[in-house]
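Step one of this worksheet: look at the structure below.
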Amino acid sequence: MATEGAPLDVIAASLKRERERAGLTLTDLARLAGIAKSTLSQLESATGNPSVETLWALGKALDVPFSRLVEPPVPRVHVIRSGEGITVASEEADYLATLLASCPPHARRDIYLIRAEPGSVRRSDAHRAGIIEHVVVCHGRALVGMADEPIEVGPGDYVAYPGDEAHVFEALDPGTTVVMLSEHT
């Protein structure tokens, strides 16, 4: 029943880590989740075969999201080498967005590396209410910000603008590269 994306050893380590973080014994957690202690013991030793329902019950009992039980923990030092991140292209512009860091639990931000070429404009409709985008230019120049009044920025420049209003990004130099932080307020 465990999925390919959630190896049993990851689930086992996550369950044990979260149970210990919560200060619960095997017996305590099994009772709170409504499962047999032997089932929990098997899961923590990576010999069980958890169902979605069992993992949801354990997550609820531990007061953690389901994802925390099936995803490997993020290392203390996280490195993404140039060209290795998850990259998505724009359909409208020569614009690539590479996710550098997604918003972890209890935080409210995502970080992207943007590579763009001149010749087309990346237009964004308003995002969810309360989003603020922060941009730092690493290389090149760009017009960035509100759709009706973008600001020209160059290397080392920083600009912040409401992402919950229409906004644009237009590279002015070849190889324009920026880091964008999307803050969810």
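Naming scheme: A, B, ... for chains in displayed order of the structure tokens; residues 1 onward per chain; ligands 1 onward as shown.
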
All residues 8 Å or closer to region 19-27 of chain A, only C-alpha atoms, same chain fewer than 3 positions away omitted, as a ChimeraX atom specification:
/A:15-16,30-31,37,40-41,62

Shell around Ala33 (chain A) at 9 Å using only C-alpha atoms, local window under 5 positions removed, as a PDB file with all heavy atoms, in the first residue's frame:
ATOM      1  N   ASP A  28       1.008   5.239  23.458  1.00  0.00           N
ATOM      2  CA  ASP A  28       0.244   6.495  23.429  1.00  0.00           C
ATOM      3  C   ASP A  28      -0.210   6.832  22.009  1.00  0.00           C
ATOM      4  O   ASP A  28      -1.378   7.144  21.779  1.00  0.00           O
ATOM      5  CB  ASP A  28       1.082   7.665  23.952  1.00  0.00           C
ATOM      6  CG  ASP A  28       1.429   7.545  25.429  1.00  0.00           C
ATOM      7  OD1 ASP A  28       0.702   6.843  26.173  1.00  0.00           O
ATOM      8  OD2 ASP A  28       2.436   8.165  25.832  1.00  0.00           O
ATOM      9  N   THR A  54      -4.301   4.856   7.563  1.00  0.00           N
ATOM     10  CA  THR A  54      -3.464   4.716   8.756  1.00  0.00           C
ATOM     11  C   THR A  54      -2.547   5.921   8.899  1.00  0.00           C
ATOM     12  O   THR A  54      -2.398   6.480   9.986  1.00  0.00           O
ATOM     13  CB  THR A  54      -2.632   3.410   8.683  1.00  0.00           C
ATOM     14  OG1 THR A  54      -3.533   2.301   8.653  1.00  0.00           O
ATOM     15  CG2 THR A  54      -1.706   3.280   9.874  1.00  0.00           C
ATOM     16  N   TRP A  56      -3.010   8.930   7.642  1.00  0.00           N
ATOM     17  CA  TRP A  56      -3.817  10.108   7.983  1.00  0.00           C
ATOM     18  C   TRP A  56      -4.135  10.110   9.473  1.00  0.00           C
ATOM     19  O   TRP A  56      -4.067  11.148  10.132  1.00  0.00           O
ATOM     20  CB  TRP A  56      -5.117  10.140   7.185  1.00  0.00           C
ATOM     21  CG  TRP A  56      -4.952  10.768   5.826  1.00  0.00           C
ATOM     22  CD1 TRP A  56      -4.972  10.122   4.639  1.00  0.00           C
ATOM     23  CD2 TRP A  56      -4.736  12.146   5.522  1.00  0.00           C
ATOM     24  NE1 TRP A  56      -4.774  11.002   3.606  1.00  0.00           N
ATOM     25  CE2 TRP A  56      -4.636  12.261   4.120  1.00  0.00           C
ATOM     26  CE3 TRP A  56      -4.624  13.296   6.296  1.00  0.00           C
ATOM     27  CZ2 TRP A  56      -4.420  13.470   3.479  1.00  0.00           C
ATOM     28  CZ3 TRP A  56      -4.413  14.509   5.645  1.00  0.00           C
ATOM     29  CH2 TRP A  56      -4.315  14.588   4.257  1.00  0.00           C
ATOM     30  N   ALA A  57      -4.496   8.945  10.007  1.00  0.00           N
ATOM     31  CA  ALA A  57      -4.822   8.850  11.435  1.00  0.00           C
ATOM     32  C   ALA A  57      -3.597   9.189  12.287  1.00  0.00           C
ATOM     33  O   ALA A  57      -3.711   9.897  13.295  1.00  0.00           O
ATOM     34  CB  ALA A  57      -5.341   7.449  11.766  1.00  0.00           C
ATOM     35  N   LEU A  58      -2.433   8.700  11.877  1.00  0.00           N
ATOM     36  CA  LEU A  58      -1.208   9.001  12.616  1.00  0.00           C
ATOM     37  C   LEU A  58      -0.850  10.480  12.517  1.00  0.00           C
ATOM     38  O   LEU A  58      -0.458  11.099  13.508  1.00  0.00           O
ATOM     39  CB  LEU A  58      -0.055   8.123  12.117  1.00  0.00           C
ATOM     40  CG  LEU A  58      -0.157   6.655  12.524  1.00  0.00           C
ATOM     41  CD1 LEU A  58       0.761   5.788  11.679  1.00  0.00           C
ATOM     42  CD2 LEU A  58       0.158   6.508  14.015  1.00  0.00           C
ATOM     43  N   GLY A  59      -1.000  11.053  11.333  1.00  0.00           N
ATOM     44  CA  GLY A  59      -0.734  12.475  11.169  1.00  0.00           C
ATOM     45  C   GLY A  59      -1.646  13.321  12.038  1.00  0.00           C
ATOM     46  O   GLY A  59      -1.207  14.275  12.684  1.00  0.00           O
ATOM     47  N   LYS A  60      -2.906  12.952  12.070  1.00  0.00           N
ATOM     48  CA  LYS A  60      -3.868  13.686  12.903  1.00  0.00           C
ATOM     49  C   LYS A  60      -3.499  13.557  14.381  1.00  0.00           C
ATOM     50  O   LYS A  60      -3.506  14.543  15.120  1.00  0.00           O
ATOM     51  CB  LYS A  60      -5.281  13.162  12.665  1.00  0.00           C
ATOM     52  CG  LYS A  60      -6.334  13.925  13.416  1.00  0.00           C
ATOM     53  CD  LYS A  60      -7.728  13.452  13.088  1.00  0.00           C
ATOM     54  CE  LYS A  60      -8.736  14.258  13.893  1.00  0.00           C
ATOM     55  NZ  LYS A  60     -10.091  13.793  13.707  1.00  0.00           N
ATOM     56  N   ALA A  61      -3.153  12.356  14.813  1.00  0.00           N
ATOM     57  CA  ALA A  61      -2.785  12.133  16.211  1.00  0.00           C
ATOM     58  C   ALA A  61      -1.512  12.900  16.583  1.00  0.00           C
ATOM     59  O   ALA A  61      -1.366  13.359  17.721  1.00  0.00           O
ATOM     60  CB  ALA A  61      -2.609  10.639  16.486  1.00  0.00           C
ATOM     61  N   LEU A  62      -0.592  13.039  15.617  1.00  0.00           N
ATOM     62  CA  LEU A  62       0.664  13.755  15.864  1.00  0.00           C
ATOM     63  C   LEU A  62       0.546  15.256  15.597  1.00  0.00           C
ATOM     64  O   LEU A  62       1.486  16.006  15.846  1.00  0.00           O
ATOM     65  CB  LEU A  62       1.771  13.172  14.975  1.00  0.00           C
ATOM     66  CG  LEU A  62       2.239  11.769  15.338  1.00  0.00           C
ATOM     67  CD1 LEU A  62       3.023  11.150  14.187  1.00  0.00           C
ATOM     68  CD2 LEU A  62       3.072  11.823  16.619  1.00  0.00           C
TER      69      LEU A  62
END

So that I can see what lies close to Ala147 (chain A), please list as a PDB file with N, CA and C atoms, in the first residue's frame the residues with an atom at most 10 Å from it, counting only C-alpha atoms and leaving out residues fewer than 2 positions away in the same chain.
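Result file selection-v7.pdb:
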ATOM      1  N   ARG A 123       3.471  38.382 -18.406  1.00  0.00           N
ATOM      2  CA  ARG A 123       2.378  39.078 -17.721  1.00  0.00           C
ATOM      3  C   ARG A 123       1.730  38.115 -16.729  1.00  0.00           C
ATOM      4  N   SER A 124       1.542  38.581 -15.520  1.00  0.00           N
ATOM      5  CA  SER A 124       0.899  37.756 -14.487  1.00  0.00           C
ATOM      6  C   SER A 124      -0.372  38.428 -14.013  1.00  0.00           C
ATOM      7  N   ASP A 125      -1.447  37.663 -14.001  1.00  0.00           N
ATOM      8  CA  ASP A 125      -2.676  38.151 -13.385  1.00  0.00           C
ATOM      9  C   ASP A 125      -2.449  38.200 -11.881  1.00  0.00           C
ATOM     10  N   LEU A 143      12.398  45.093 -16.719  1.00  0.00           N
ATOM     11  CA  LEU A 143      11.272  45.896 -16.261  1.00  0.00           C
ATOM     12  C   LEU A 143      10.420  44.973 -15.394  1.00  0.00           C
ATOM     13  N   VAL A 144      10.215  45.367 -14.147  1.00  0.00           N
ATOM     14  CA  VAL A 144       9.557  44.490 -13.187  1.00  0.00           C
ATOM     15  C   VAL A 144       8.558  45.290 -12.363  1.00  0.00           C
ATOM     16  N   GLY A 145       7.446  44.689 -12.035  1.00  0.00           N
ATOM     17  CA  GLY A 145       6.515  45.312 -11.102  1.00  0.00           C
ATOM     18  C   GLY A 145       5.107  45.392 -11.639  1.00  0.00           C
ATOM     19  N   GLU A 149       2.914  50.208 -14.429  1.00  0.00           N
ATOM     20  CA  GLU A 149       4.044  51.064 -14.082  1.00  0.00           C
ATOM     21  C   GLU A 149       5.267  50.250 -13.657  1.00  0.00           C
ATOM     22  N   PRO A 150       5.819  49.386 -14.554  1.00  0.00           N
ATOM     23  CA  PRO A 150       6.988  48.599 -14.162  1.00  0.00           C
ATOM     24  C   PRO A 150       8.217  49.489 -13.954  1.00  0.00           C
ATOM     25  N   ILE A 151       9.155  48.994 -13.171  1.00  0.00           N
ATOM     26  CA  ILE A 151      10.370  49.726 -12.821  1.00  0.00           C
ATOM     27  C   ILE A 151      11.552  49.026 -13.487  1.00  0.00           C
ATOM     28  N   GLU A 165      -1.942  41.930  -7.507  1.00  0.00           N
ATOM     29  CA  GLU A 165      -2.400  42.810  -8.578  1.00  0.00           C
ATOM     30  C   GLU A 165      -1.652  42.387  -9.845  1.00  0.00           C
ATOM     31  N   ALA A 166      -2.174  42.737 -11.008  1.00  0.00           N
ATOM     32  CA  ALA A 166      -1.514  42.372 -12.269  1.00  0.00           C
ATOM     33  C   ALA A 166      -0.096  42.942 -12.285  1.00  0.00           C
ATOM     34  N   HIS A 167       0.864  42.125 -12.718  1.00  0.00           N
ATOM     35  CA  HIS A 167       2.259  42.552 -12.738  1.00  0.00           C
ATOM     36  C   HIS A 167       2.991  41.931 -13.923  1.00  0.00           C
ATOM     37  N   VAL A 168       4.199  42.460 -14.204  1.00  0.00           N
ATOM     38  CA  VAL A 168       4.938  42.026 -15.387  1.00  0.00           C
ATOM     39  C   VAL A 168       6.413  41.809 -15.068  1.00  0.00           C
ATOM     40  N   PHE A 169       7.039  41.046 -15.964  1.00  0.00           N
ATOM     41  CA  PHE A 169       8.492  40.885 -15.941  1.00  0.00           C
ATOM     42  C   PHE A 169       8.939  40.864 -17.396  1.00  0.00           C
TER      43      PHE A 169
END

Residues of region 5-159 of chain A in strand (DSSP E or B), written as a ChimeraX atom specification
/A:86-89,95-101,109-116,121-124,131-139,142-146,151-153,158-159

Given the selection you just returned, output its residues as a file containing C-alpha atoms, formatted as a CSV table (one decimal), in the first residue's frame.
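Saved to again-v3.csv:
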chain,number,residue,atom,x,y,z
A,86,ILE,CA,12.7,21.9,-10.9
A,87,THR,CA,12.2,24.4,-13.8
A,88,VAL,CA,9.0,25.5,-15.5
A,89,ALA,CA,8.8,27.5,-18.7
A,95,TYR,CA,11.1,33.0,-19.1
A,96,LEU,CA,12.2,30.0,-16.9
A,97,ALA,CA,11.3,29.8,-13.2
A,98,THR,CA,13.3,27.4,-11.0
A,99,LEU,CA,11.9,26.6,-7.6
A,100,LEU,CA,14.7,27.0,-5.1
A,101,ALA,CA,12.8,26.6,-1.9
A,109,ARG,CA,7.3,32.1,1.2
A,110,ASP,CA,8.6,30.4,-2.0
A,111,ILE,CA,12.0,31.3,-3.6
A,112,TYR,CA,12.6,31.1,-7.4
A,113,LEU,CA,15.5,31.7,-9.7
A,114,ILE,CA,14.3,33.4,-12.9
A,115,ARG,CA,16.2,33.3,-16.2
A,116,ALA,CA,14.7,35.4,-19.0
A,121,VAL,CA,6.8,40.1,-21.6
A,122,ARG,CA,5.8,37.8,-18.8
A,123,ARG,CA,2.4,39.1,-17.7
A,124,SER,CA,0.9,37.8,-14.5
A,131,ILE,CA,1.1,38.0,-1.9
A,132,ILE,CA,4.1,40.3,-2.2
A,133,GLU,CA,6.9,39.5,-4.7
A,134,HIS,CA,10.5,40.5,-4.0
A,135,VAL,CA,13.0,40.6,-6.8
A,136,VAL,CA,16.8,40.9,-6.7
A,137,VAL,CA,18.6,41.2,-10.0
A,138,CYS,CA,21.7,39.0,-10.3
A,139,HIS,CA,22.6,39.7,-14.0
A,142,ALA,CA,14.5,44.0,-16.5
A,143,LEU,CA,11.3,45.9,-16.3
A,144,VAL,CA,9.6,44.5,-13.2
A,145,GLY,CA,6.5,45.3,-11.1
A,146,MET,CA,3.0,46.6,-11.6
A,151,ILE,CA,10.4,49.7,-12.8
A,152,GLU,CA,13.7,49.2,-14.6
A,153,VAL,CA,16.1,47.3,-12.4
A,158,TYR,CA,15.9,45.1,-5.3
A,159,VAL,CA,12.2,45.7,-5.9

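Computed from the coordinates, the CA of Glu91 (chain A) to CA of Pro162 (chain A) distance equals 22.5 Å.
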
I'd like to know which residues of chain A are alpha helix (DSSP H) (by DSSP, run on the backbone); could you write them as a PyMOL selection string?
chain A and resi 8-21+26-33+37-44+52-62+66-70

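CA of Asp157 (chain A) is found 21.3 Å from CA of Ser82 (chain A).
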
Ala46 (chain A) environment, 12 Å, only C-alpha atoms, sequence neighbours closer than 3 positions dropped, as a PDB file with C-alpha atoms, in the first residue's frame:
ATOM      1  CA  ALA A   2       2.925   2.392   0.507  1.00  0.00           C
ATOM      2  CA  ALA A   6       7.101   7.250  -0.015  1.00  0.00           C
ATOM      3  CA  PRO A   7       9.564   4.449   0.734  1.00  0.00           C
ATOM      4  CA  LEU A   8       8.931   2.538   3.920  1.00  0.00           C
ATOM      5  CA  ASP A   9      12.231   3.669   5.447  1.00  0.00           C
ATOM      6  CA  VAL A  10      11.216   7.335   5.012  1.00  0.00           C
ATOM      7  CA  ILE A  11       7.824   6.669   6.601  1.00  0.00           C
ATOM      8  CA  ALA A  12       9.456   4.725   9.447  1.00  0.00           C
ATOM      9  CA  ALA A  13      11.976   7.473  10.212  1.00  0.00           C
ATOM     10  CA  SER A  14       9.319  10.188   9.940  1.00  0.00           C
ATOM     11  CA  LEU A  15       6.919   8.398  12.276  1.00  0.00           C
ATOM     12  CA  LYS A  16       9.599   7.816  14.896  1.00  0.00           C
ATOM     13  CA  THR A  39       1.006  -2.026  13.595  1.00  0.00           C
ATOM     14  CA  LEU A  40       2.769   1.148  14.703  1.00  0.00           C
ATOM     15  CA  SER A  41       5.821  -0.833  15.796  1.00  0.00           C
ATOM     16  CA  GLN A  42       5.992  -2.497  12.370  1.00  0.00           C
ATOM     17  CA  LEU A  43       5.672   0.865  10.631  1.00  0.00           C
ATOM     18  CA  ASN A  49       2.671  -1.643   4.869  1.00  0.00           C
ATOM     19  CA  PRO A  50       0.710   1.495   5.798  1.00  0.00           C
TER      20      PRO A  50
END

CA of His184 (chain A) and CA of Tyr161 (chain A), how far apart in Å?
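These two atoms are separated by 12.4 Å.
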
Counting only C-alpha atoms, the residue among A:Ser45, A:Ser38, A:Ser120, A:Ser51 that lies closest to Pro174 (chain A) is A:Ser120
